[in-house]
Amino acid sequence: AQSVSQHNHHVILSEAASLELGCNYSYGGTVNLFWYVQYPGQHLQLLLKYFSGDPLVKGIKGFEAEFIKSKFSFNLRKPSVQWSDTAEYFCAVANYGGSQGNLIFGKGTKLSVKP
Amino acid sequence: DSGVTQTPKHLITATGQRVTLRCSPRSGDLSVYWYQQSLDQGLQFLIQYYNGEERAKGNILERFSAQQFPDLHSELNLSSLELGDSALYFCASSLRDSKVYEQFFGPGTRLTVL
């Protein structure tokens, strides 16, 4: 079965620091990868997604992620975080068993940005 | 606002009871997904419906069932509730049932079983 692991449970950064959140997935074939964000008290929102093509994917709010097939990784990055980036971040892979679109999520990384 | 609505926002009930969670997808979306978010298990896929038909099942217990109605809203029924069923239940919708379509998530229903 496919799985997604996120290395950090809780990351604390100061404003303007650079961010990198790790994500590894288990499936060795073609994958569709996603990063979602959940701001406090809000619903999950899509930050970015990778289906094919350029392995460096740009998303909303200055986030980007790099797909490295050889490392089974899809790490999320942002050069300079803001206090408003405080949220929980989830990496997900689309279930490749068929055409259905259900997602398999990692356990999430809570990001706290100190002003 | 994602356009997906869920009711109720909070639900407190006792062990052994049965509850129904409701989800209305975004206008035009045919596919509905249910996910459970708990502290120990994280976000887990439960079940998916597309245009009224069940399409995929995940880690859904036999005590749980769901359906999608002709107007495309969906209900998740949880019965014989146990303490461990306390969690946040999310509904998501997408235009079609393929992974290429973005899923839009609702605000969730927080279920507390006492």
# chains A, B, ... in the order shown; residues from 1 in each chain; ligands from 1
$ interface_residues --of "chain A" --to "chain B" --cutoff "12 Å" --atoms "only C-alpha atoms" --output "PyMOL selection string"
chain A and resi 1+3-6+9+31-52+88-109
$ residues_around --residues "range 17-20 of chain B" --least-positions-apart "3" --cutoff "9 Å" --atoms "only C-alpha atoms" --output "list in words"
Leu11, Thr13, Ala14, Glu75, Leu76, Asn77, Leu78, Ser79, Ser80, Leu81, Glu82 and Val113 of chain B
$ write_last_selection --atoms "C-alpha atoms" --output "PDB file, in the first residue's frame"
ATOM      1  CA  LEU B  11     -21.422  17.108  17.436  1.00  0.00           C
ATOM      2  CA  THR B  13     -22.805  12.355  21.610  1.00  0.00           C
ATOM      3  CA  ALA B  14     -22.489   9.262  23.769  1.00  0.00           C
ATOM      4  CA  GLU B  75     -24.264  11.774   4.253  1.00  0.00           C
ATOM      5  CA  LEU B  76     -21.888   9.805   6.423  1.00  0.00           C
ATOM      6  CA  ASN B  77     -23.617   7.629   9.004  1.00  0.00           C
ATOM      7  CA  LEU B  78     -21.679   6.517  12.065  1.00  0.00           C
ATOM      8  CA  SER B  79     -23.321   3.965  14.344  1.00  0.00           C
ATOM      9  CA  SER B  80     -22.521   2.139  17.595  1.00  0.00           C
ATOM     10  CA  LEU B  81     -20.147   4.971  18.334  1.00  0.00           C
ATOM     11  CA  GLU B  82     -17.019   4.359  20.389  1.00  0.00           C
ATOM     12  CA  VAL B 113     -17.994  10.778  21.687  1.00  0.00           C
TER      13      VAL B 113
END
$ select_by_dssp --residues "chain A" --states "helix (DSSP H, G or I)" --output "number ranges by chain"
A: 60-62, 69-71, 83-85
$ write_last_selection --atoms "N, CA and C atoms" --output "mmCIF file, in the first residue's frame"
data_model
loop_
_atom_site.group_PDB
_atom_site.id
_atom_site.type_symbol
_atom_site.label_atom_id
_atom_site.label_comp_id
_atom_site.auth_asym_id
_atom_site.auth_seq_id
_atom_site.Cartn_x
_atom_site.Cartn_y
_atom_site.Cartn_z
ATOM 1 N N ILE A 60 0.967 28.536 -4.591
ATOM 2 C CA ILE A 60 0.487 29.832 -4.135
ATOM 3 C C ILE A 60 1.314 30.325 -2.960
ATOM 4 N N LYS A 61 1.230 31.628 -2.680
ATOM 5 C CA LYS A 61 1.842 32.240 -1.507
ATOM 6 C C LYS A 61 3.351 32.049 -1.433
ATOM 7 N N GLY A 62 4.014 31.910 -2.561
ATOM 8 C CA GLY A 62 5.465 31.831 -2.604
ATOM 9 C C GLY A 62 6.050 30.461 -2.296
ATOM 10 N N LYS A 69 12.604 12.022 -8.012
ATOM 11 C CA LYS A 69 12.131 10.646 -8.175
ATOM 12 C C LYS A 69 13.083 9.647 -7.524
ATOM 13 N N SER A 70 14.375 9.870 -7.666
ATOM 14 C CA SER A 70 15.368 8.919 -7.148
ATOM 15 C C SER A 70 15.351 8.849 -5.622
ATOM 16 N N LYS A 71 14.844 9.893 -5.000
ATOM 17 C CA LYS A 71 14.787 9.928 -3.543
ATOM 18 C C LYS A 71 13.366 9.729 -3.022
ATOM 19 N N TRP A 83 4.725 35.347 9.480
ATOM 20 C CA TRP A 83 3.910 34.912 10.609
ATOM 21 C C TRP A 83 2.615 34.264 10.116
ATOM 22 N N SER A 84 2.094 34.777 8.996
ATOM 23 C CA SER A 84 0.835 34.266 8.447
ATOM 24 C C SER A 84 0.974 32.863 7.849
ATOM 25 N N ASP A 85 2.191 32.360 7.767
ATOM 26 C CA ASP A 85 2.382 30.977 7.277
ATOM 27 C C ASP A 85 2.193 29.947 8.389
#
$ residues_around --residues "Phe63 in chain A" --least-positions-apart "2" --cutoff "10 Å" --atoms "only C-alpha atoms" --output "list in words"
Leu19, Glu20, Trp35, Leu47, Leu48, Val57, Lys58, Gly59, Ile60, Lys61, Ala65, Leu76, Arg77, Lys78, Pro79, Ser80 and Val81 of chain A
$ atom_distance --atom1 "CA of Ala87 in chain B" --atom2 "CA of Asn59 in chain B"
14.1 Å
$ select_by_dssp --residues "chain A" --states "strand (DSSP E)" --output "PyMOL selection string"
chain A and resi 4-5+10-14+19-21+24-25+33-38+44-50+56-58+64-68+73-78+87-94+103-105+109-114
$ closest_residue --among "B:Gly52, B:Pro8, B:Gly3, B:Pro70" --to "Ser24 in chain B" --atoms "only C-alpha atoms"
B:Gly3
$ closest_residue --among "B:Gln6, B:Asn51, B:Arg22, B:Gly16" --to "Ala66 in chain B" --atoms "only C-alpha atoms"
B:Arg22
